[in-house]
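Step one of this worksheet: look at the structure below.
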Amino acid sequence: MGHENWHHTFLGIGFALLGTLLFSCGNMFSRQMSHHALSLTNTVFWGMLCGAGFMAVVIPLSEHGYSFPLTARWLGGLLYLSVFGSIAGFLFYLELARRIGADKAAYATILSPVIALGMSAFFETVHWSAPMLAGLVLILLGNVLAFLRRRPLPQPVEVEQG
């Protein structure tokens, strides 16, 4: 593998780690907002508005433009992903996190890459490559590790004196 490929690999790993960190921070932030009696809908609205505002500033600064095809198929995909993939997805996930806790709700995200790969293979006729299969194996191994029962830590016993 050439130097350029390694650079892209490490850059991709860095982005994945940053995304995981930001996802975890978002979990904790939404948990804090629920303690302040803010509604989930308002929290998601303000979070998405801030994210859109941030991207509106970052995209021009990175010398990328706003260009997209104005076709029915593209706009339909954008609408579907906006409503179901983002708004509904965040609302359902954050409600789950509110009910069972962010740590347990995060397990729901472990299988999403497997589902995405399966849907791509089915709908987009993606042909599986060795890196995709290796990634799938890593995801499944991660699931096994995440769901293994951990032994509870021994609790200290207090002895009353006197």
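We name chains A, B, ... following the order of the structure tokens; residues begin at 1 in each chain, and ligands are numbered from 1 as shown.
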Inset, instruction - Pick out the residues sitting within 8 Å of range 21-34 of chain A, and hand them over as a ChimeraX atom specification; count only C-alpha atoms, and ignore anything fewer than 4 positions along from it in its own chain. - result: /A:17,38-40,43,94,97-98,102
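Counting from CA of Ala16 in chain A, the distance to CA of Val114 in chain A is 16.0 Å.
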Legend entry - Contacts of range 126-136 of chain A within 12 Å, only C-alpha atoms, excl. fewer than 3 positions in-chain, as a ChimeraX atom specification: /A:9,110-123,139-143
Could you take the residues named above and write them with all heavy atoms, as a short mmCIF file (atom, residue, chain, number, x, y, z; two decimals), in the first residue's frame?
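The resulting selection_34.cif:
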data_model
loop_
_atom_site.label_atom_id
_atom_site.label_comp_id
_atom_site.auth_asym_id
_atom_site.auth_seq_id
_atom_site.Cartn_x
_atom_site.Cartn_y
_atom_site.Cartn_z
N THR A 9 -6.09 6.10 5.02
CA THR A 9 -6.55 5.14 6.02
C THR A 9 -6.54 5.76 7.41
O THR A 9 -7.52 5.70 8.15
CB THR A 9 -5.68 3.87 6.00
OG1 THR A 9 -5.78 3.27 4.71
CG2 THR A 9 -6.12 2.88 7.07
N ILE A 110 -24.76 -0.12 17.20
CA ILE A 110 -23.70 -1.06 16.82
C ILE A 110 -24.07 -1.82 15.54
O ILE A 110 -23.22 -2.07 14.70
CB ILE A 110 -23.39 -2.03 17.97
CG1 ILE A 110 -22.76 -1.26 19.14
CG2 ILE A 110 -22.47 -3.14 17.53
CD1 ILE A 110 -22.54 -2.08 20.38
N LEU A 111 -25.34 -2.17 15.39
CA LEU A 111 -25.74 -2.96 14.23
C LEU A 111 -26.05 -2.12 12.99
O LEU A 111 -26.24 -2.67 11.93
CB LEU A 111 -26.95 -3.82 14.58
CG LEU A 111 -26.63 -5.07 15.37
CD1 LEU A 111 -27.90 -5.84 15.69
CD2 LEU A 111 -25.65 -5.96 14.64
N SER A 112 -26.09 -0.80 13.11
CA SER A 112 -26.47 0.01 11.94
C SER A 112 -25.53 -0.17 10.76
O SER A 112 -26.01 -0.18 9.61
CB SER A 112 -26.61 1.48 12.32
OG SER A 112 -25.42 1.99 12.82
N PRO A 113 -24.21 -0.33 10.93
CA PRO A 113 -23.38 -0.58 9.75
C PRO A 113 -23.72 -1.91 9.05
O PRO A 113 -23.67 -1.99 7.82
CB PRO A 113 -21.95 -0.61 10.30
CG PRO A 113 -22.01 0.12 11.58
CD PRO A 113 -23.38 -0.13 12.13
N VAL A 114 -24.09 -2.92 9.81
CA VAL A 114 -24.48 -4.21 9.21
C VAL A 114 -25.74 -4.03 8.39
O VAL A 114 -25.83 -4.53 7.26
CB VAL A 114 -24.68 -5.28 10.31
CG1 VAL A 114 -25.18 -6.58 9.72
CG2 VAL A 114 -23.40 -5.50 11.08
N ILE A 115 -26.71 -3.31 8.93
CA ILE A 115 -27.95 -3.06 8.21
C ILE A 115 -27.67 -2.25 6.95
O ILE A 115 -28.20 -2.54 5.87
CB ILE A 115 -28.97 -2.34 9.12
CG1 ILE A 115 -29.37 -3.27 10.28
CG2 ILE A 115 -30.19 -1.88 8.34
CD1 ILE A 115 -30.10 -2.58 11.40
N ALA A 116 -26.82 -1.23 7.06
CA ALA A 116 -26.48 -0.39 5.90
C ALA A 116 -25.80 -1.22 4.81
O ALA A 116 -26.12 -1.07 3.62
CB ALA A 116 -25.59 0.77 6.32
N LEU A 117 -24.87 -2.08 5.19
CA LEU A 117 -24.20 -2.92 4.20
C LEU A 117 -25.18 -3.88 3.53
O LEU A 117 -25.14 -4.08 2.31
CB LEU A 117 -23.06 -3.72 4.85
CG LEU A 117 -21.80 -2.96 5.19
CD1 LEU A 117 -20.85 -3.82 6.02
CD2 LEU A 117 -21.11 -2.48 3.93
N GLY A 118 -26.07 -4.45 4.32
CA GLY A 118 -27.08 -5.36 3.76
C GLY A 118 -28.01 -4.65 2.79
O GLY A 118 -28.32 -5.17 1.72
N MET A 119 -28.45 -3.44 3.15
CA MET A 119 -29.35 -2.70 2.26
C MET A 119 -28.63 -2.27 0.99
O MET A 119 -29.21 -2.28 -0.10
CB MET A 119 -29.94 -1.50 3.00
CG MET A 119 -30.91 -1.94 4.10
SD MET A 119 -31.73 -0.58 4.90
CE MET A 119 -32.92 -0.14 3.65
N SER A 120 -27.35 -1.87 1.12
CA SER A 120 -26.59 -1.50 -0.07
C SER A 120 -26.43 -2.70 -0.99
O SER A 120 -26.53 -2.58 -2.21
CB SER A 120 -25.21 -0.97 0.32
OG SER A 120 -25.33 0.29 0.91
N ALA A 121 -26.16 -3.87 -0.41
CA ALA A 121 -26.01 -5.07 -1.23
C ALA A 121 -27.32 -5.41 -1.93
O ALA A 121 -27.32 -5.83 -3.09
CB ALA A 121 -25.55 -6.24 -0.36
N PHE A 122 -28.44 -5.20 -1.26
CA PHE A 122 -29.74 -5.55 -1.83
C PHE A 122 -30.22 -4.52 -2.85
O PHE A 122 -30.57 -4.86 -3.97
CB PHE A 122 -30.77 -5.72 -0.71
CG PHE A 122 -32.12 -6.16 -1.20
CD1 PHE A 122 -32.34 -7.47 -1.57
CD2 PHE A 122 -33.16 -5.24 -1.30
CE1 PHE A 122 -33.58 -7.87 -2.03
CE2 PHE A 122 -34.40 -5.63 -1.75
CZ PHE A 122 -34.62 -6.95 -2.12
N PHE A 123 -30.23 -3.24 -2.46
CA PHE A 123 -30.82 -2.21 -3.31
C PHE A 123 -29.86 -1.65 -4.35
O PHE A 123 -30.27 -1.24 -5.43
CB PHE A 123 -31.35 -1.05 -2.46
CG PHE A 123 -32.59 -1.40 -1.69
CD1 PHE A 123 -32.54 -1.50 -0.31
CD2 PHE A 123 -33.79 -1.64 -2.33
CE1 PHE A 123 -33.68 -1.83 0.42
CE2 PHE A 123 -34.92 -1.97 -1.62
CZ PHE A 123 -34.87 -2.07 -0.24
N ILE A 139 -17.25 -5.66 12.94
CA ILE A 139 -18.51 -5.18 13.54
C ILE A 139 -19.14 -6.30 14.37
O ILE A 139 -19.55 -6.08 15.51
CB ILE A 139 -19.49 -4.71 12.45
CG1 ILE A 139 -18.99 -3.42 11.81
CG2 ILE A 139 -20.89 -4.52 13.02
CD1 ILE A 139 -19.72 -3.06 10.53
N LEU A 140 -19.19 -7.50 13.81
CA LEU A 140 -19.80 -8.61 14.54
C LEU A 140 -18.99 -8.98 15.78
O LEU A 140 -19.56 -9.28 16.83
CB LEU A 140 -19.99 -9.81 13.61
CG LEU A 140 -20.97 -9.57 12.46
CD1 LEU A 140 -21.01 -10.75 11.51
CD2 LEU A 140 -22.37 -9.26 12.99
N LEU A 141 -17.66 -8.93 15.68
CA LEU A 141 -16.83 -9.18 16.86
C LEU A 141 -17.05 -8.09 17.91
O LEU A 141 -17.08 -8.38 19.12
CB LEU A 141 -15.35 -9.25 16.48
CG LEU A 141 -14.90 -10.52 15.78
CD1 LEU A 141 -13.44 -10.39 15.32
CD2 LEU A 141 -15.05 -11.73 16.69
N GLY A 142 -17.21 -6.86 17.46
CA GLY A 142 -17.51 -5.77 18.39
C GLY A 142 -18.83 -5.99 19.10
O GLY A 142 -18.96 -5.72 20.30
N ASN A 143 -19.82 -6.52 18.36
CA ASN A 143 -21.11 -6.85 18.98
C ASN A 143 -20.95 -7.91 20.05
O ASN A 143 -21.52 -7.82 21.13
CB ASN A 143 -22.11 -7.34 17.94
CG ASN A 143 -22.73 -6.21 17.16
OD1 ASN A 143 -22.87 -5.12 17.67
ND2 ASN A 143 -23.09 -6.48 15.93
#
Inset, instruction - Quick one: pick out all alpha helix (DSSP H) residues within chain A from a backbone DSSP run and write them as an NGL selection string. - result: :A and (3-35 or 40-61 or 72-80 or 89-100 or 102-105 or 112-123 or 130-147)
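Straight-line separation from CA of Val44 in chain A to CA of Ile59 in chain A: 22.0 Å.
Straight-line separation from CA of Tyr93 in chain A to CA of Thr109 in chain A: 9.0 Å.
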